[in-house]
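Structure first, then comments.
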Amino acid sequence: MYNKNYELWKNANLEQELKDELNNLTEEKINEAFYKDLDFGTGGLRGIMGVGTNRINSITIKKSTKGYADYLNENFTNPSVAISYDNRINSKKYANIAARVLAANNIKTYLVSELRPTPYLSFLIRHFKTSGGIMITASHNPKEYNGYKVYEPHGGQLNLENSEKVIKKISEVTNIFDIKELDNNLINVLDLKSLDTIYLDLVKGIELNKFSNPATILYSPLHGTGSTLIPRLLEEFSYDYYSFLPHMINDGNFPNTRSSNPEEKIAYIDPIEYAKEIKADSIILTDPDADRIGAAVYHNGEYIILNGNQIAVITLNYLLENKKDIKNGYIFMSNVTTDLIKVIGESYNINVVKTLPGFKFIAEQMDKLDKESTYVFGCEESNGNIISPFVRDKDAVQATLMLSEISSYVKANNMSMIDYLDNIYQKYGYFIEDTLSFNFKGIDGPDKMNDLMEYLRANHLEINGFELESIEDNKTMKITNLKTNEVKTSSLAKSNIIKFVYSDKSWIMARPSGTEPKLKIYISVNDKNISNSKNKHQAIKEVINNLINNN
């Protein structure tokens, strides 16, 4: 199959860069680049840039956009699309290609004139009331990657049903080398000055308290889109903030970062050194498309990196402590997020709704709220949340402002953020979460991941000292109580996810990543005693590592 695809591309009229790369591929690289079409997943494309059907390039971008255009024209009258892009290599180029393909299909576009964050794209969709949106980004992936995320009219990523419709339309695009592009008046290049002000004014609405002696904040956009808005926001709020200048350059090669992912500890090494000089209270990092936030906070002479669950817990607790008279409130969380969110929310009589992993599912639930209900918070463990629902994808711009406020609050109360978190644990219990990621690259990677998932289904995760209570399998849509043998149907969408829940409410969940060649295994333990929680976590982690290494 790959030989046929390779020959088609070899004889096509490709742009010079792709042609040169094609002519220099080894047999192994030809196989990797052409053995399949790059999967258009539940939210779009993500992959390594390069020549071939299994790569992100101008041809695969055109094909996906043509399929998306056919979907829009079939489902909307006079459709329109907002388009934004991040700092990655070719992002602006791909955004312009998408706009021209849509124009050739008589679809109006609102195209940013320069890079802007993913949540800003969600804002544009809602502001212009478009039929959808396209964000060119590979989020926190390494520099070799790029991606193409597609959005609903409500501003969240494409839902499962509509993803299938778009995938079908893309599969019907046959002559991929003859997709028409037009540069005409259907492409509206946006003047961002006034739009930035509207967006930032909406972000400012989340402020709860002002402090006379604000926290000292060190901020890094990791070479990405956060630099376009966040420094201005912190300045306008008069925070004692510093930009980490080596990371302020918009560069898709990420020359001055050790990682473009704020979830990884190595991303903090250089900012921490500068934070010591300026005596920063908090270090805040946003990923390249500024939907994820990361933080390291000063405590007892060192900087401690918070994970996504801890950031969500701190933020929610602060919101609920400071918001009064919430009527019929709702919190939304993915089912791989710490259960401490649910515990805190329910202690304030707030409704808590769990979804599948992926913020698109949270956005879908947010959009179903009626006028009598109050949105309170939405979060997932992978360092993303929404505080104000004027957008429908996780927003690190909002999160940065709120975390800066909380930093100022703890400073005013002679605490550190770690002290504040410890107070929460003392009240509700010590919850420890972890995400273990195992890479499965190459052609046989997906098969190996599926084999491991089936092994878990067949053998379960029996762990010494833990009593397995129930199994939730979203592939079969069954929730089985092992004590009573009662079987219920899952209320979540069908997905290749399995969760093992133990009698002490610890749990382990496994799923293949939707955006990377990784198997992700999530761990959650809790206990009233911190030592017990740490011991439980370590015991589970050892079992999982042994399991993966021996299979």
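Chains: A, B, ... in order of the structure tokens. Residues: from 1 per chain. Ligands: from 1, in order shown.
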
Could you make a table, as a Markdown table, of the residues of segment 468-526 of chain A that have an atom within 10 Å of an atom of segment 540-545 of chain A, each with its nearest atom pair and distance in Å to one decimal, counting only C-alpha atoms, in chain and number order?
```
| residue | atom | partner | partner_atom | distance |
| --- | --- | --- | --- | --- |
| A:Ser506 | CA | A:Ile540 | CA | 9.8 |
| A:Trp507 | CA | A:Ile540 | CA | 9.5 |
| A:Ile508 | CA | A:Ile540 | CA | 8.5 |
| A:Ile521 | CA | A:Ile544 | CA | 8.3 |
| A:Tyr522 | CA | A:Lys541 | CA | 9.7 |
| A:Ile523 | CA | A:Ile540 | CA | 7.6 |
| A:Ser524 | CA | A:Ile540 | CA | 9.4 |
| A:Val525 | CA | A:Ile540 | CA | 9.1 |
```

> What residues in segment 26-157 of chain A get the DSSP label strand (DSSP E)? Please answer as a PyMOL selection string.
Replying inline: chain A and resi 44-48+80-85+108-112+132-136+145-151

> Which residue gives the smallest distance to Thr355 of chain A among A:Gly301, A:Gly378, A:Pro142, A:Pro153, with only C-alpha atoms counted?
Replying inline: A:Gly378

> Of the residues A:Asn146, A:Thr338, A:Asn184, A:Asn11, which is the one nearest to Arg55 of chain A, using only C-alpha atoms?
Replying inline: A:Asn146

>> So that I can check the surroundings of Asn317 of chain A, please list as a PyMOL selection string every protein, DNA and RNA residue that reaches within 12 Å of it, counting only C-alpha atoms and ignoring chain neighbours fewer than 6 positions away.
In response: chain A and resi 310-311+323+331+340-348+376-377+402-403+406+420-425+427-428

> When distances are computed from only C-alpha atoms, which of A:Glu364, A:Asp86, A:Glu207, A:Glu114 shows the smallest separation from Pro221 of chain A?
Replying inline: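 Nearest to Pro221 of chain A: A:Asp86.
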
> Contacts of Tyr455 of chain A at 12 Å or less, counting only C-alpha atoms, minus same-chain residues fewer than 5 places along, as a list in words?
Replying inline: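 The contact residues come out as Lys448, Met449, Asn450, His460, Leu461, Ile498, Ala510, Leu547, Ile548, Asn550 and Asn551 of chain A.
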
>> as a list in words, please: the residues near segment 131-136 of chain A (cut-off 7 Å, only C-alpha atoms, same-chain neighbours under 3 positions excluded).
In response: Pro79, Ser80, Val81, Ala82, Ile83, Ser84, Tyr85, Asp86, Ser91, Ala95, Thr118, Leu121, Ile125, Gly147, Tyr148, Lys149, Val150, Tyr151, Glu152 and Pro153 of chain A

Could you turn the residues from that selection into a file that holds N, CA, C and O atoms, as a compact mmCIF listing (two decimals), in the first residue's frame?
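After the write, again-v4.txt holds the following:
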```
# COMPACT_ATOMS: atom_id res chain seq x y z
N PRO A 79 -22.03 28.97 5.59
CA PRO A 79 -21.11 28.70 6.71
C PRO A 79 -19.94 29.68 6.78
O PRO A 79 -19.55 30.29 5.77
N SER A 80 -19.38 29.81 7.98
CA SER A 80 -18.20 30.64 8.19
C SER A 80 -17.32 29.97 9.23
O SER A 80 -17.80 29.17 10.04
N VAL A 81 -16.02 30.31 9.19
CA VAL A 81 -15.04 29.64 10.06
C VAL A 81 -14.03 30.66 10.58
O VAL A 81 -13.55 31.51 9.82
N ALA A 82 -13.72 30.59 11.87
CA ALA A 82 -12.62 31.38 12.45
C ALA A 82 -11.35 30.52 12.42
O ALA A 82 -11.41 29.31 12.65
N ILE A 83 -10.21 31.15 12.14
CA ILE A 83 -8.95 30.42 12.03
C ILE A 83 -7.86 31.15 12.83
O ILE A 83 -7.68 32.36 12.69
N SER A 84 -7.14 30.39 13.67
CA SER A 84 -5.99 30.93 14.38
C SER A 84 -4.84 29.94 14.29
O SER A 84 -5.02 28.81 13.82
N TYR A 85 -3.68 30.34 14.76
CA TYR A 85 -2.51 29.47 14.69
C TYR A 85 -1.50 29.86 15.76
O TYR A 85 -1.54 30.96 16.31
N ASP A 86 -0.58 28.92 16.06
CA ASP A 86 0.43 29.16 17.08
C ASP A 86 1.78 29.47 16.45
O ASP A 86 1.87 29.83 15.27
N SER A 91 2.91 26.95 10.87
CA SER A 91 1.55 27.17 11.37
C SER A 91 0.83 28.27 10.58
O SER A 91 -0.33 28.10 10.17
N ALA A 95 -2.45 27.79 8.17
CA ALA A 95 -3.67 28.57 8.43
C ALA A 95 -4.14 29.27 7.15
O ALA A 95 -5.34 29.30 6.83
N THR A 118 -5.17 29.20 21.55
CA THR A 118 -6.34 28.35 21.30
C THR A 118 -7.61 28.93 21.94
O THR A 118 -8.66 28.97 21.29
N LEU A 121 -9.13 31.53 19.83
CA LEU A 121 -9.88 30.98 18.70
C LEU A 121 -11.30 30.65 19.12
O LEU A 121 -12.27 30.96 18.41
N ILE A 125 -14.81 32.33 17.57
CA ILE A 125 -15.96 31.56 17.08
C ILE A 125 -17.25 32.09 17.69
O ILE A 125 -18.25 32.33 16.99
N GLY A 147 -0.34 20.44 14.06
CA GLY A 147 -1.66 19.84 14.14
C GLY A 147 -2.74 20.77 13.63
O GLY A 147 -2.49 21.92 13.27
N TYR A 148 -3.96 20.25 13.65
CA TYR A 148 -5.10 20.91 13.01
C TYR A 148 -6.34 20.53 13.82
O TYR A 148 -6.83 19.41 13.71
N LYS A 149 -6.79 21.44 14.68
CA LYS A 149 -7.94 21.16 15.54
C LYS A 149 -9.19 21.84 14.98
O LYS A 149 -9.13 22.99 14.54
N VAL A 150 -10.30 21.13 15.00
CA VAL A 150 -11.54 21.63 14.42
C VAL A 150 -12.58 21.83 15.52
O VAL A 150 -12.68 21.04 16.47
N TYR A 151 -13.36 22.90 15.37
CA TYR A 151 -14.26 23.36 16.45
C TYR A 151 -15.72 23.45 16.03
O TYR A 151 -16.04 23.64 14.85
N GLU A 152 -16.57 23.32 17.05
CA GLU A 152 -18.02 23.46 16.91
C GLU A 152 -18.43 24.94 16.97
O GLU A 152 -17.66 25.78 17.45
N PRO A 153 -19.68 25.25 16.58
CA PRO A 153 -20.17 26.64 16.70
C PRO A 153 -20.19 27.17 18.12
O PRO A 153 -20.11 28.38 18.33
```

>> as a list in words, please: the residues near Leu245 of chain A (cut-off 10 Å, only C-alpha atoms, same-chain neighbours under 2 positions excluded).
In response: Tyr219, Ser220, Pro221, Leu222, His223, Tyr242, Ser243, His247, Met248, Ile249, Asn256 and Pro271 of chain A

Next, write the just-selected residues to a file, as a compact mmCIF listing (two decimals), in the first residue's frame, keeping all heavy atoms as the atom set.
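Wrote it out as again.txt, contents follow:
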```txt
# COMPACT_ATOMS: atom_id res chain seq x y z
N TYR A 219 6.90 34.91 34.36
CA TYR A 219 6.07 34.27 33.34
C TYR A 219 6.89 33.85 32.11
O TYR A 219 7.74 34.60 31.64
CB TYR A 219 4.95 35.21 32.88
CG TYR A 219 4.23 34.68 31.66
CD1 TYR A 219 3.46 33.53 31.76
CD2 TYR A 219 4.38 35.29 30.42
CE1 TYR A 219 2.84 32.99 30.64
CE2 TYR A 219 3.75 34.76 29.29
CZ TYR A 219 2.98 33.62 29.41
OH TYR A 219 2.37 33.09 28.30
N SER A 220 6.60 32.66 31.59
CA SER A 220 7.19 32.18 30.33
C SER A 220 6.11 31.60 29.44
O SER A 220 5.33 30.75 29.87
CB SER A 220 8.23 31.09 30.59
OG SER A 220 8.48 30.36 29.40
N PRO A 221 6.07 32.03 28.16
CA PRO A 221 5.15 31.44 27.19
C PRO A 221 5.74 30.25 26.44
O PRO A 221 5.11 29.74 25.52
CB PRO A 221 4.89 32.60 26.23
CG PRO A 221 6.19 33.33 26.19
CD PRO A 221 6.80 33.18 27.57
N LEU A 222 6.97 29.86 26.81
CA LEU A 222 7.67 28.76 26.13
C LEU A 222 7.72 29.00 24.62
O LEU A 222 7.44 28.10 23.82
CB LEU A 222 7.01 27.42 26.46
CG LEU A 222 7.06 27.00 27.94
CD1 LEU A 222 6.25 25.74 28.17
CD2 LEU A 222 8.50 26.80 28.40
N HIS A 223 8.05 30.23 24.24
CA HIS A 223 8.18 30.65 22.83
C HIS A 223 6.84 30.74 22.11
O HIS A 223 6.81 30.92 20.88
CB HIS A 223 9.10 29.70 22.03
CG HIS A 223 10.53 29.80 22.40
ND1 HIS A 223 11.25 30.98 22.28
CD2 HIS A 223 11.41 28.88 22.88
CE1 HIS A 223 12.50 30.76 22.66
NE2 HIS A 223 12.63 29.50 23.04
N TYR A 242 7.54 39.58 35.86
CA TYR A 242 8.72 39.58 35.00
C TYR A 242 8.48 38.55 33.89
O TYR A 242 7.96 37.46 34.15
CB TYR A 242 9.98 39.18 35.77
CG TYR A 242 10.38 40.15 36.86
CD1 TYR A 242 9.71 40.18 38.08
CD2 TYR A 242 11.45 41.02 36.67
CE1 TYR A 242 10.09 41.06 39.08
CE2 TYR A 242 11.84 41.90 37.68
CZ TYR A 242 11.15 41.91 38.87
OH TYR A 242 11.53 42.78 39.87
N SER A 243 8.86 38.90 32.68
CA SER A 243 8.84 37.92 31.59
C SER A 243 10.21 37.24 31.54
O SER A 243 11.23 37.90 31.69
CB SER A 243 8.57 38.61 30.25
OG SER A 243 7.26 39.13 30.21
N HIS A 247 12.44 33.01 26.60
CA HIS A 247 11.28 32.27 26.08
C HIS A 247 10.25 33.18 25.42
O HIS A 247 9.21 32.69 24.97
CB HIS A 247 10.59 31.51 27.21
CG HIS A 247 11.40 30.40 27.79
ND1 HIS A 247 10.98 29.68 28.90
CD2 HIS A 247 12.59 29.87 27.42
CE1 HIS A 247 11.90 28.78 29.19
NE2 HIS A 247 12.88 28.87 28.31
N MET A 248 10.51 34.48 25.36
CA MET A 248 9.51 35.42 24.84
C MET A 248 9.52 35.51 23.31
O MET A 248 8.63 36.11 22.71
CB MET A 248 9.72 36.81 25.43
CG MET A 248 9.45 36.90 26.93
SD MET A 248 7.76 36.43 27.39
CE MET A 248 6.84 37.80 26.70
N ILE A 249 10.51 34.91 22.67
CA ILE A 249 10.59 34.94 21.21
C ILE A 249 9.64 33.90 20.64
O ILE A 249 9.66 32.75 21.04
CB ILE A 249 12.03 34.61 20.75
CG1 ILE A 249 13.05 35.46 21.49
CG2 ILE A 249 12.18 34.75 19.25
CD1 ILE A 249 14.43 34.85 21.51
N ASN A 256 15.28 28.02 23.17
CA ASN A 256 15.75 28.28 24.54
C ASN A 256 15.00 27.48 25.60
O ASN A 256 15.15 27.76 26.78
CB ASN A 256 15.65 29.78 24.83
CG ASN A 256 16.46 30.61 23.86
OD1 ASN A 256 17.56 30.23 23.49
ND2 ASN A 256 15.91 31.73 23.43
N PRO A 271 13.93 28.81 34.07
CA PRO A 271 13.15 29.85 34.77
C PRO A 271 13.39 29.87 36.28
O PRO A 271 13.40 30.94 36.89
CB PRO A 271 11.70 29.48 34.43
CG PRO A 271 11.78 28.80 33.11
CD PRO A 271 13.06 28.01 33.18
```
